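Undergrad: My structure is stored as structure21.pdb, with PDB, C-alpha atoms and all ligand atoms.
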```
MODEL        1
ATOM      1  CA  MET A 370       0.000   0.000   0.000  1.00  0.00           C
ATOM      2  CA  ARG A 371       2.893   2.355  -0.480  1.00  0.00           C
ATOM      3  CA  LEU A 372       2.022   3.420  -3.986  1.00  0.00           C
ATOM      4  CA  PRO A 373      -1.042   5.673  -3.229  1.00  0.00           C
ATOM      5  CA  GLN A 374       0.957   7.519  -0.571  1.00  0.00           C
ATOM      6  CA  PHE A 375       3.767   8.002  -3.001  1.00  0.00           C
ATOM      7  CA  SER A 376       1.537   9.470  -5.708  1.00  0.00           C
ATOM      8  CA  LEU A 377      -0.306  11.743  -3.251  1.00  0.00           C
ATOM      9  CA  ARG A 378       2.968  13.252  -2.155  1.00  0.00           C
ATOM     10  CA  PHE A 379       3.510  14.459  -5.681  1.00  0.00           C
ATOM     11  CA  ALA A 380      -0.103  15.466  -6.296  1.00  0.00           C
ATOM     12  CA  TRP A 381      -0.491  18.012  -3.500  1.00  0.00           C
ATOM     13  CA  PRO A 382       1.220  20.940  -5.226  1.00  0.00           C
ATOM     14  CA  LEU A 383      -1.196  20.665  -8.154  1.00  0.00           C
ATOM     15  CA  PRO A 384      -4.040  22.852  -6.789  1.00  0.00           C
ATOM     16  CA  LEU A 385      -1.453  25.435  -5.779  1.00  0.00           C
ATOM     17  CA  LEU A 386       0.100  25.345  -9.232  1.00  0.00           C
ATOM     18  CA  LEU A 387      -3.332  25.714 -10.847  1.00  0.00           C
ATOM     19  CA  SER A 388      -4.170  28.693  -8.668  1.00  0.00           C
ATOM     20  CA  PHE A 389      -0.994  30.388  -9.894  1.00  0.00           C
ATOM     21  CA  LEU A 390      -1.862  29.660 -13.502  1.00  0.00           C
ATOM     22  CA  THR A 391      -5.520  30.649 -13.382  1.00  0.00           C
ATOM     23  CA  PRO A 392      -5.308  34.445 -13.809  1.00  0.00           C
ATOM     24  CA  SER A 393      -3.568  34.161 -17.167  1.00  0.00           C
ATOM     25  CA  VAL A 394      -6.401  32.091 -18.673  1.00  0.00           C
ATOM     26  CA  TYR A 395      -9.044  34.770 -18.101  1.00  0.00           C
ATOM     27  CA  PRO A 396     -10.054  36.812 -21.124  1.00  0.00           C
ATOM     28  CA  GLU A 397      -8.622  40.314 -20.789  1.00  0.00           C
ATOM     29  CA  ASP A 398     -11.986  42.059 -20.549  1.00  0.00           C
ATOM     30  CA  VAL A 399     -13.032  39.979 -17.537  1.00  0.00           C
ATOM     31  CA  PHE A 400     -11.513  42.773 -15.416  1.00  0.00           C
ATOM     32  CA  ASP A 401     -13.449  45.596 -17.102  1.00  0.00           C
ATOM     33  CA  PHE A 402     -15.770  45.888 -14.079  1.00  0.00           C
ATOM     34  CA  ILE A 403     -12.882  47.136 -11.917  1.00  0.00           C
ATOM     35  CA  PRO A 404     -12.991  50.968 -12.040  1.00  0.00           C
ATOM     36  CA  LEU A 405     -10.322  52.733 -14.084  1.00  0.00           C
ATOM     37  CA  GLY A 406      -7.298  54.039 -12.231  1.00  0.00           C
ATOM     38  CA  GLY A 407      -5.558  57.397 -12.531  1.00  0.00           C
ATOM     39  CA  ARG A 408      -3.144  56.358 -15.293  1.00  0.00           C
ATOM     40  CA  THR A 409      -5.938  55.523 -17.717  1.00  0.00           C
ATOM     41  CA  LEU A 410      -8.133  58.415 -16.576  1.00  0.00           C
ATOM     42  CA  LEU A 411      -5.333  60.918 -17.140  1.00  0.00           C
ATOM     43  CA  ALA A 412      -4.498  59.388 -20.526  1.00  0.00           C
ATOM     44  CA  LYS A 413      -8.173  59.775 -21.461  1.00  0.00           C
ATOM     45  CA  ALA A 414      -8.264  63.391 -20.303  1.00  0.00           C
ATOM     46  CA  LEU A 415      -5.141  64.194 -22.338  1.00  0.00           C
ATOM     47  CA  SER A 416      -6.186  62.274 -25.450  1.00  0.00           C
ATOM     48  CA  ASN A 417      -7.763  65.231 -27.255  1.00  0.00           C
ATOM     49  CA  ARG A 418      -4.562  67.248 -27.031  1.00  0.00           C
ATOM     50  CA  PRO A 419      -5.117  70.106 -24.614  1.00  0.00           C
ATOM     51  CA  PRO A 420      -2.741  73.133 -24.868  1.00  0.00           C
ATOM     52  CA  ALA A 421       0.903  72.163 -24.196  1.00  0.00           C
ATOM     53  CA  ASP A 422       1.357  74.684 -21.357  1.00  0.00           C
ATOM     54  CA  GLU A 423      -1.663  73.171 -19.550  1.00  0.00           C
ATOM     55  CA  VAL A 424      -0.238  69.664 -19.880  1.00  0.00           C
ATOM     56  CA  LYS A 425       3.215  70.758 -18.714  1.00  0.00           C
ATOM     57  CA  ALA A 426       1.765  72.631 -15.745  1.00  0.00           C
ATOM     58  CA  LEU A 427      -0.231  69.576 -14.701  1.00  0.00           C
ATOM     59  CA  LEU A 428       2.712  67.181 -15.030  1.00  0.00           C
ATOM     60  CA  SER A 429       4.999  69.522 -13.072  1.00  0.00           C
ATOM     61  CA  ALA A 430       2.853  70.348 -10.024  1.00  0.00           C
ATOM     62  CA  ARG A 431       2.994  68.838  -6.521  1.00  0.00           C
ATOM     63  CA  GLN A 432      -0.303  68.985  -4.629  1.00  0.00           C
ATOM     64  CA  ASN A 433      -2.385  66.937  -2.208  1.00  0.00           C
ATOM     65  CA  THR A 434      -5.612  65.199  -3.231  1.00  0.00           C
ATOM     66  CA  GLU A 435      -7.919  68.091  -2.236  1.00  0.00           C
ATOM     67  CA  GLU A 436      -5.755  70.624  -4.065  1.00  0.00           C
ATOM     68  CA  TRP A 437      -5.755  68.414  -7.153  1.00  0.00           C
ATOM     69  CA  GLN A 438      -9.542  68.097  -6.979  1.00  0.00           C
ATOM     70  CA  ARG A 439      -9.853  71.885  -7.069  1.00  0.00           C
ATOM     71  CA  TYR A 440      -7.234  72.104  -9.804  1.00  0.00           C
ATOM     72  CA  LEU A 441      -9.072  69.614 -12.011  1.00  0.00           C
ATOM     73  CA  GLN A 442     -12.332  71.521 -11.536  1.00  0.00           C
ATOM     74  CA  GLU A 443     -10.702  74.829 -12.403  1.00  0.00           C
ATOM     75  CA  HIS A 444      -8.891  73.462 -15.459  1.00  0.00           C
ATOM     76  CA  GLY A 445     -11.862  71.646 -17.006  1.00  0.00           C
ATOM     77  CA  LYS A 446     -12.249  74.457 -19.527  1.00  0.00           C
ATOM     78  CA  ALA A 447      -8.689  74.134 -20.818  1.00  0.00           C
ATOM     79  CA  ILE A 448      -8.371  70.340 -20.486  1.00  0.00           C
ATOM     80  CA  THR A 449     -11.749  69.496 -21.967  1.00  0.00           C
ATOM     81  CA  GLY A 450     -11.224  65.717 -21.654  1.00  0.00           C
ATOM     82  CA  LEU A 451     -11.749  66.132 -17.900  1.00  0.00           C
ATOM     83  CA  LYS A 452     -15.412  66.862 -18.494  1.00  0.00           C
ATOM     84  CA  ALA A 453     -16.039  63.271 -19.554  1.00  0.00           C
ATOM     85  CA  LEU A 454     -14.978  61.983 -16.105  1.00  0.00           C
ATOM     86  CA  SER A 455     -17.495  61.307 -13.337  1.00  0.00           C
ATOM     87  CA  PRO A 456     -17.014  62.902  -9.876  1.00  0.00           C
ATOM     88  CA  LYS A 457     -15.665  59.589  -8.548  1.00  0.00           C
ATOM     89  CA  GLU A 458     -13.240  59.313 -11.469  1.00  0.00           C
ATOM     90  CA  LEU A 459     -12.061  62.880 -10.858  1.00  0.00           C
ATOM     91  CA  LEU A 460     -11.410  61.966  -7.228  1.00  0.00           C
ATOM     92  CA  THR A 461      -9.518  58.806  -8.264  1.00  0.00           C
ATOM     93  CA  LEU A 462      -7.489  60.917 -10.682  1.00  0.00           C
ATOM     94  CA  ALA A 463      -6.774  63.602  -8.037  1.00  0.00           C
ATOM     95  CA  ASP A 464      -5.603  60.865  -5.683  1.00  0.00           C
ATOM     96  CA  TYR A 465      -3.332  59.375  -8.387  1.00  0.00           C
ATOM     97  CA  LEU A 466      -1.844  62.771  -9.174  1.00  0.00           C
ATOM     98  CA  SER A 467      -1.052  63.344  -5.479  1.00  0.00           C
ATOM     99  CA  PHE A 468       1.165  60.231  -5.562  1.00  0.00           C
ATOM    100  CA  ASN A 469       2.681  60.562  -9.021  1.00  0.00           C
ATOM    101  CA  MET A 470       3.177  64.241  -9.839  1.00  0.00           C
ATOM    102  CA  PRO A 471       5.427  65.953 -10.582  1.00  0.00           C
ATOM    103  CA  LEU A 472       6.786  63.601 -13.223  1.00  0.00           C
ATOM    104  CA  PRO A 473      10.602  63.635 -13.277  1.00  0.00           C
ATOM    105  CA  ALA A 474      11.661  66.242 -15.882  1.00  0.00           C
ATOM    106  CA  GLY A 475      13.225  63.545 -18.077  1.00  0.00           C
ATOM    107  CA  LYS A 476       9.906  61.700 -18.305  1.00  0.00           C
ATOM    108  CA  ILE A 477       7.971  64.616 -19.798  1.00  0.00           C
ATOM    109  CA  PRO A 478       7.945  63.979 -23.543  1.00  0.00           C
ATOM    110  CA  ALA A 479       9.272  66.724 -25.798  1.00  0.00           C
ATOM    111  CA  ASN A 480       6.455  66.220 -28.275  1.00  0.00           C
ATOM    112  CA  LEU A 481       3.347  66.300 -26.090  1.00  0.00           C
ATOM    113  CA  ALA A 482       0.931  65.943 -29.018  1.00  0.00           C
ATOM    114  CA  GLN A 483       2.480  62.592 -30.024  1.00  0.00           C
ATOM    115  CA  ALA A 484       2.854  61.212 -26.504  1.00  0.00           C
ATOM    116  CA  ASN A 485       1.657  57.674 -25.842  1.00  0.00           C
ATOM    117  CA  TRP A 486       0.191  58.544 -22.432  1.00  0.00           C
ATOM    118  CA  PRO A 487      -1.071  55.111 -21.305  1.00  0.00           C
ATOM    119  CA  LYS A 488       2.478  53.732 -21.745  1.00  0.00           C
ATOM    120  CA  LEU A 489       4.287  56.734 -20.443  1.00  0.00           C
ATOM    121  CA  LEU A 490       2.453  57.453 -17.186  1.00  0.00           C
ATOM    122  CA  PRO A 491       3.329  55.664 -13.908  1.00  0.00           C
ATOM    123  CA  LEU A 492       1.232  52.629 -12.915  1.00  0.00           C
ATOM    124  CA  ASP A 493      -1.933  53.359 -10.948  1.00  0.00           C
ATOM    125  CA  GLY A 494      -3.593  51.449  -8.085  1.00  0.00           C
ATOM    126  CA  ARG A 495      -5.668  49.342 -10.464  1.00  0.00           C
ATOM    127  CA  ASP A 496      -2.525  48.326 -12.384  1.00  0.00           C
ATOM    128  CA  LEU A 497      -0.821  47.359  -9.118  1.00  0.00           C
ATOM    129  CA  VAL A 498      -3.796  45.249  -7.983  1.00  0.00           C
ATOM    130  CA  LEU A 499      -3.857  43.390 -11.299  1.00  0.00           C
ATOM    131  CA  ASP A 500      -0.078  42.869 -11.262  1.00  0.00           C
ATOM    132  CA  TYR A 501       0.538  42.048  -7.590  1.00  0.00           C
ATOM    133  CA  CYS A 502      -2.666  40.767  -5.992  1.00  0.00           C
ATOM    134  CA  GLN A 503      -3.589  37.694  -8.024  1.00  0.00           C
ATOM    135  CA  GLY A 504      -0.597  35.430  -7.465  1.00  0.00           C
ATOM    136  CA  CYS A 505      -1.928  33.656  -4.362  1.00  0.00           C
ATOM    137  CA  HIS A 506      -5.679  34.266  -4.414  1.00  0.00           C
ATOM    138  CA  ILE A 507      -8.417  35.382  -6.739  1.00  0.00           C
ATOM    139  CA  ILE A 508      -8.664  39.163  -7.228  1.00  0.00           C
ATOM    140  CA  THR A 509     -12.209  39.031  -5.820  1.00  0.00           C
ATOM    141  CA  VAL A 510     -10.744  38.728  -2.301  1.00  0.00           C
ATOM    142  CA  VAL A 511      -9.345  42.215  -2.800  1.00  0.00           C
ATOM    143  CA  ILE A 512     -11.844  44.212  -4.804  1.00  0.00           C
ATOM    144  CA  THR A 513     -14.978  43.170  -2.894  1.00  0.00           C
ATOM    145  CA  GLN A 514     -13.634  44.517   0.420  1.00  0.00           C
ATOM    146  CA  LYS A 515     -14.715  47.932   1.659  1.00  0.00           C
ATOM    147  CA  ARG A 516     -12.051  49.120   4.059  1.00  0.00           C
ATOM    148  CA  LYS A 517     -10.200  52.041   5.524  1.00  0.00           C
ATOM    149  CA  LYS A 518      -6.549  52.777   4.907  1.00  0.00           C
ATOM    150  CA  ASP A 519      -5.221  51.190   8.119  1.00  0.00           C
ATOM    151  CA  ALA A 520      -7.014  47.930   7.324  1.00  0.00           C
ATOM    152  CA  TRP A 521      -5.558  47.772   3.799  1.00  0.00           C
ATOM    153  CA  LEU A 522      -2.056  48.591   5.001  1.00  0.00           C
ATOM    154  CA  GLY A 523      -2.510  46.110   7.864  1.00  0.00           C
ATOM    155  CA  THR A 524      -3.179  43.286   5.408  1.00  0.00           C
ATOM    156  CA  MET A 525      -0.261  44.283   3.211  1.00  0.00           C
ATOM    157  CA  ASN A 526       2.026  44.246   6.258  1.00  0.00           C
ATOM    158  CA  LYS A 527       0.944  40.769   7.409  1.00  0.00           C
ATOM    159  CA  PRO A 528       3.558  37.998   7.136  1.00  0.00           C
ATOM    160  CA  SER A 529       1.555  36.593   4.191  1.00  0.00           C
ATOM    161  CA  HIS A 530       1.940  39.859   2.240  1.00  0.00           C
ATOM    162  CA  ILE A 531       5.032  41.616   3.526  1.00  0.00           C
ATOM    163  CA  GLN A 532       7.313  39.980   0.948  1.00  0.00           C
ATOM    164  CA  ILE A 533       5.344  41.370  -2.017  1.00  0.00           C
ATOM    165  CA  LYS A 534       7.698  43.614  -3.936  1.00  0.00           C
ATOM    166  CA  LEU A 535       5.894  46.914  -3.487  1.00  0.00           C
ATOM    167  CA  SER A 536       7.512  49.995  -1.985  1.00  0.00           C
ATOM    168  CA  ARG A 537       5.920  51.834   0.937  1.00  0.00           C
ATOM    169  CA  GLU A 538       4.722  54.535  -1.414  1.00  0.00           C
ATOM    170  CA  GLN A 539       3.212  51.966  -3.814  1.00  0.00           C
ATOM    171  CA  ARG A 540       1.394  50.299  -0.894  1.00  0.00           C
ATOM    172  CA  GLU A 541      -0.059  53.663   0.085  1.00  0.00           C
ATOM    173  CA  ALA A 542      -1.110  54.400  -3.514  1.00  0.00           C
ATOM    174  CA  LEU A 543      -2.644  50.930  -3.822  1.00  0.00           C
ATOM    175  CA  ALA A 544      -4.553  51.347  -0.536  1.00  0.00           C
ATOM    176  CA  SER A 545      -5.735  54.783  -1.615  1.00  0.00           C
ATOM    177  CA  TYR A 546      -7.115  53.445  -4.909  1.00  0.00           C
ATOM    178  CA  LEU A 547      -8.843  50.573  -3.090  1.00  0.00           C
ATOM    179  CA  ILE A 548     -10.462  52.875  -0.512  1.00  0.00           C
ATOM    180  CA  LEU A 549     -12.123  54.755  -3.382  1.00  0.00           C
ATOM    181  CA  ASN A 550     -12.849  51.877  -5.744  1.00  0.00           C
ATOM    182  CA  ALA A 551     -13.015  48.525  -3.932  1.00  0.00           C
ATOM    183  CA  GLY A 552     -16.096  47.258  -2.088  1.00  0.00           C
ATOM    184  CA  ILE A 553     -17.604  46.112  -5.389  1.00  0.00           C
ATOM    185  CA  PRO A 554     -20.767  44.046  -4.698  1.00  0.00           C
ATOM    186  CA  ILE A 555     -20.283  40.357  -5.553  1.00  0.00           C
ATOM    187  CA  ASP A 556     -23.164  40.422  -8.077  1.00  0.00           C
ATOM    188  CA  GLN A 557     -21.131  42.870 -10.182  1.00  0.00           C
ATOM    189  CA  VAL A 558     -18.184  40.468 -10.279  1.00  0.00           C
ATOM    190  CA  PRO A 559     -18.127  38.189 -13.373  1.00  0.00           C
ATOM    191  CA  GLU A 560     -19.155  34.566 -12.624  1.00  0.00           C
ATOM    192  CA  GLU A 561     -15.714  33.147 -13.401  1.00  0.00           C
ATOM    193  CA  LEU A 562     -14.155  35.336 -10.712  1.00  0.00           C
ATOM    194  CA  ARG A 563     -16.645  34.390  -7.989  1.00  0.00           C
ATOM    195  CA  ALA A 564     -15.511  30.846  -7.254  1.00  0.00           C
ATOM    196  CA  GLY A 565     -13.288  30.879  -4.202  1.00  0.00           C
ATOM    197  CA  GLY A 566     -13.744  34.626  -3.845  1.00  0.00           C
ATOM    198  CA  ALA A 567     -15.359  34.381  -0.431  1.00  0.00           C
ATOM    199  CA  THR A 568     -13.109  31.769   1.141  1.00  0.00           C
ATOM    200  CA  TYR A 569     -11.251  34.232   3.375  1.00  0.00           C
TER
HETATM  201  C1  LIG B   1       2.337  35.828  -1.633  1.00  0.00           C
HETATM  202  C2  LIG B   1       0.938  35.446  -1.712  1.00  0.00           C
HETATM  203  C3  LIG B   1      -0.075  36.586  -1.700  1.00  0.00           C
HETATM  204  C4  LIG B   1      -0.126  37.677  -2.543  1.00  0.00           C
HETATM  205  C5  LIG B   1       0.784  38.003  -3.718  1.00  0.00           C
HETATM  206  C6  LIG B   1      -1.272  38.445  -2.122  1.00  0.00           C
HETATM  207  N1  LIG B   1      -1.907  37.827  -1.086  1.00  0.00           N
HETATM  208 FE1  LIG B   1      -3.588  38.479  -0.122  1.00  0.00          FE
HETATM  209  N2  LIG B   1      -3.622  36.754   0.985  1.00  0.00           N
HETATM  210  C7  LIG B   1      -2.653  35.776   0.983  1.00  0.00           C
HETATM  211  C8  LIG B   1      -2.983  34.755   1.981  1.00  0.00           C
HETATM  212  C9  LIG B   1      -2.150  33.521   2.281  1.00  0.00           C
HETATM  213  C10 LIG B   1      -4.213  35.150   2.558  1.00  0.00           C
HETATM  214  C11 LIG B   1      -5.005  34.445   3.679  1.00  0.00           C
HETATM  215  C12 LIG B   1      -4.261  34.479   4.966  1.00  0.00           C
HETATM  216  C13 LIG B   1      -3.995  35.853   5.487  1.00  0.00           C
HETATM  217  O1  LIG B   1      -4.894  36.671   5.513  1.00  0.00           O
HETATM  218  O2  LIG B   1      -2.836  36.109   5.849  1.00  0.00           O
HETATM  219  C14 LIG B   1      -4.581  36.414   1.913  1.00  0.00           C
HETATM  220  C15 LIG B   1      -5.723  37.153   2.207  1.00  0.00           C
HETATM  221  C16 LIG B   1      -6.004  38.430   1.758  1.00  0.00           C
HETATM  222  C17 LIG B   1      -7.127  39.236   2.192  1.00  0.00           C
HETATM  223  C18 LIG B   1      -8.218  38.812   3.171  1.00  0.00           C
HETATM  224  C19 LIG B   1      -7.708  38.682   4.572  1.00  0.00           C
HETATM  225  C20 LIG B   1      -7.069  39.901   5.161  1.00  0.00           C
HETATM  226  O3  LIG B   1      -6.021  39.790   5.795  1.00  0.00           O
HETATM  227  O4  LIG B   1      -7.561  41.027   5.002  1.00  0.00           O
HETATM  228  C21 LIG B   1      -7.010  40.439   1.553  1.00  0.00           C
HETATM  229  C22 LIG B   1      -7.923  41.635   1.668  1.00  0.00           C
HETATM  230  C23 LIG B   1      -5.830  40.363   0.707  1.00  0.00           C
HETATM  231  N3  LIG B   1      -5.233  39.136   0.835  1.00  0.00           N
HETATM  232  C24 LIG B   1      -5.363  41.406  -0.061  1.00  0.00           C
HETATM  233  C25 LIG B   1      -4.280  41.324  -0.941  1.00  0.00           C
HETATM  234  C26 LIG B   1      -3.792  42.423  -1.733  1.00  0.00           C
HETATM  235  C27 LIG B   1      -4.329  43.841  -1.736  1.00  0.00           C
HETATM  236  C28 LIG B   1      -2.763  41.925  -2.485  1.00  0.00           C
HETATM  237  C29 LIG B   1      -1.879  42.676  -3.477  1.00  0.00           C
HETATM  238  C30 LIG B   1      -1.097  43.743  -2.924  1.00  0.00           C
HETATM  239  C31 LIG B   1      -2.589  40.515  -2.128  1.00  0.00           C
HETATM  240  N4  LIG B   1      -3.512  40.202  -1.179  1.00  0.00           N
HETATM  241  C32 LIG B   1      -1.636  39.669  -2.666  1.00  0.00           C
HETATM  242  C33 LIG B   1      -1.531  35.749   0.193  1.00  0.00           C
HETATM  243  C34 LIG B   1      -1.210  36.685  -0.788  1.00  0.00           C
ENDMDL
END
```
Could you show the structure in this file as structure tokens?
Ligand code: HEC
TA:
Amino acid sequence: MRLPQFSLRFAWPLPLLLSFLTPSVYPEDVFDFIPLGGRTLLAKALSNRPPADEVKALLSARQNTEEWQRYLQEHGKAITGLKALSPKELLTLADYLSFNMPLPAGKIPANLAQANWPKLLPLDGRDLVLDYCQGCHIITVVITQKRKKDAWLGTMNKPSHIQIKLSREQREALASYLILNAGIPIDQVPEELRAGGATY
């Protein structure tokens, strides 16, 4: 009766292996329900080529979230793409800008009209969740939780998460995005992402 034991010993890593492989088999648009982050929102706002001095001023300023909210309101006339964003998107964008502006001078493209903004701008909280929060569990564990900052940072500082290669600043930016955009009701999560989503 040694054979079954032998084969079990080699079978146990299989579920673990499958859970690592799963995210890559989802169709790309399965994540469309997760609200856009600041990188994409800013790229959208800049896509109809606002005046170069407006773009430079925005990319060169350092402000907190509230100041950015006011700034975005005041500059809606010049940066007309901002008008297409909802109040919640404007807040998500203001929050992103507070973490990522000013861009280092070398990162501001010389030819603003030709800039490929989605590629050029720093990753936002949504990007970080997709890149760093699916390796060990389904993304549903993350984006269905409604939490405050301390609770998000608390999880990311647990032994199970501390080794994730995110800087302190990235953890803060990630938490900030999740405070505004997580807490998505489970019935808005696509079926294929629900299985196992409530196991924690
Ligand atoms: C290295 C593996 C790993 C990665 C990567 C990972 N998690 Fe987890 N996560 C776990 C484990 C293990 C648990 C269950 C045990 C626990 O909570 O420590 C868990 C549970 C959770 C929970 C529910 C329980 C709690 O403590 O709040 C949340 C929320 C969570 N993870 C968020 C995240 C976020 C956000 C990310 C991306 C930054 C992430 N996880 C990436 C391993 C991981």
Undergrad: Quick one: distance from CA of Val498 in chain A to CA of Gly445 in chain A in Å, one decimal?
TA: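 Spanning CA of Val498 in chain A to CA of Gly445 in chain A is a straight-line distance of 29.0 Å.
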Undergrad: If we count all atoms listed in the file and set the cut-off at 10 Å, which residues sit around range 396-407 of chain A, ignoring sequence neighbours fewer than 4 positions away in its own chain? Please answer as a ChimeraX atom specification.
TA: /A:392,411-413,457-466,469,490-497,499,508,512,546-547,549-551,553,557-562
Undergrad: Quick one: of A:Arg418, A:Lys476, A:Lys527, A:Arg439, who's nearest to ligand LIG 1 (chain B), counting all atoms listed in the file?
TA: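 So, comparing all the options, the nearest one is A:Lys527.
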Undergrad: Could you list, as an MDAnalysis selection string, every residue matched by the PyMOL selection byres (((not hetatm)) within 7 of (chain B and resi 1)) in this structure?
TA: chainID A and resid 498 501:506 510:511 514 521 524:525 527:530 532:533 569
Undergrad: Could you give me, as a PyMOL selection string, the residues that sit within 8 Å of (6.7, 66.3, -18.6) in the file's coordinates, counting only C-alpha atoms?
TA: chain A and resi 424-425+428-429+472-479
Undergrad: So which residues get picked by the PyMOL selection byres (((chain A and resi 442) around 12) and not hetatm) here, written as an mmCIF file with C-alpha atoms, in the coordinates of the input?
TA:
```cif
data_model
loop_
_atom_site.group_PDB
_atom_site.id
_atom_site.type_symbol
_atom_site.label_atom_id
_atom_site.label_comp_id
_atom_site.auth_asym_id
_atom_site.auth_seq_id
_atom_site.Cartn_x
_atom_site.Cartn_y
_atom_site.Cartn_z
ATOM 1 C CA GLU A 435 -7.919 68.091 -2.236
ATOM 2 C CA GLU A 436 -5.755 70.624 -4.065
ATOM 3 C CA TRP A 437 -5.755 68.414 -7.153
ATOM 4 C CA GLN A 438 -9.542 68.097 -6.979
ATOM 5 C CA ARG A 439 -9.853 71.885 -7.069
ATOM 6 C CA TYR A 440 -7.234 72.104 -9.804
ATOM 7 C CA LEU A 441 -9.072 69.614 -12.011
ATOM 8 C CA GLU A 443 -10.702 74.829 -12.403
ATOM 9 C CA HIS A 444 -8.891 73.462 -15.459
ATOM 10 C CA GLY A 445 -11.862 71.646 -17.006
ATOM 11 C CA LYS A 446 -12.249 74.457 -19.527
ATOM 12 C CA ALA A 447 -8.689 74.134 -20.818
ATOM 13 C CA ILE A 448 -8.371 70.340 -20.486
ATOM 14 C CA THR A 449 -11.749 69.496 -21.967
ATOM 15 C CA GLY A 450 -11.224 65.717 -21.654
ATOM 16 C CA LEU A 451 -11.749 66.132 -17.900
ATOM 17 C CA LYS A 452 -15.412 66.862 -18.494
ATOM 18 C CA LEU A 454 -14.978 61.983 -16.105
ATOM 19 C CA SER A 455 -17.495 61.307 -13.337
ATOM 20 C CA PRO A 456 -17.014 62.902 -9.876
ATOM 21 C CA LEU A 459 -12.061 62.880 -10.858
ATOM 22 C CA LEU A 460 -11.410 61.966 -7.228
ATOM 23 C CA LEU A 462 -7.489 60.917 -10.682
ATOM 24 C CA ALA A 463 -6.774 63.602 -8.037
#
```
Undergrad: Kindly give the distance, in Å, that separates CA of Ile531 in chain A and CA of Thr509 in chain A, rounded to a single decimal.
TA: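 That distance, rounded to one decimal, is 19.8 Å.
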Undergrad: Calculated over only C-alpha atoms, which of the candidates A:Arg431, A:Lys488, A:Arg408, A:Arg540 has the smallest distance to Asn526 in chain A?
TA: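 Ranked by minimum distance to Asn526 in chain A, first place goes to A:Arg540.
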Undergrad: Using all atoms listed in the file, which of the listed residues (A:Leu543, A:Ala414, A:Ile507, A:Leu535) sits closest to Arg563 in chain A?
TA: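 Comparing A:Leu543, A:Ala414, A:Ile507, A:Leu535 against Arg563 in chain A, the winner is A:Ile507.
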Undergrad: When you draw a straight line from CA of Leu522 in chain A to CA of Ala544 in chain A, how long is it in Å?
TA: 6.7 Å
Undergrad: Select, from A:Gln539, A:Thr409, A:Ala453, A:Met470, the residue with the minimum atom-to-atom distance to Asn433 in chain A, counting only C-alpha atoms.
TA: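 Closest candidate: A:Met470.
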Undergrad: Let me have the centre and edge lengths of the axis-aligned box enclosing all listed atoms of range 441-445 of chain A with 8 Å padding on every side, in Å to one decimal, as lines of an AutoDock Vina configuration file.
TA:
```
center_x = -10.6
center_y = 72.2
center_z = -14.3
size_x = 19.4
size_y = 21.2
size_z = 21.5
```
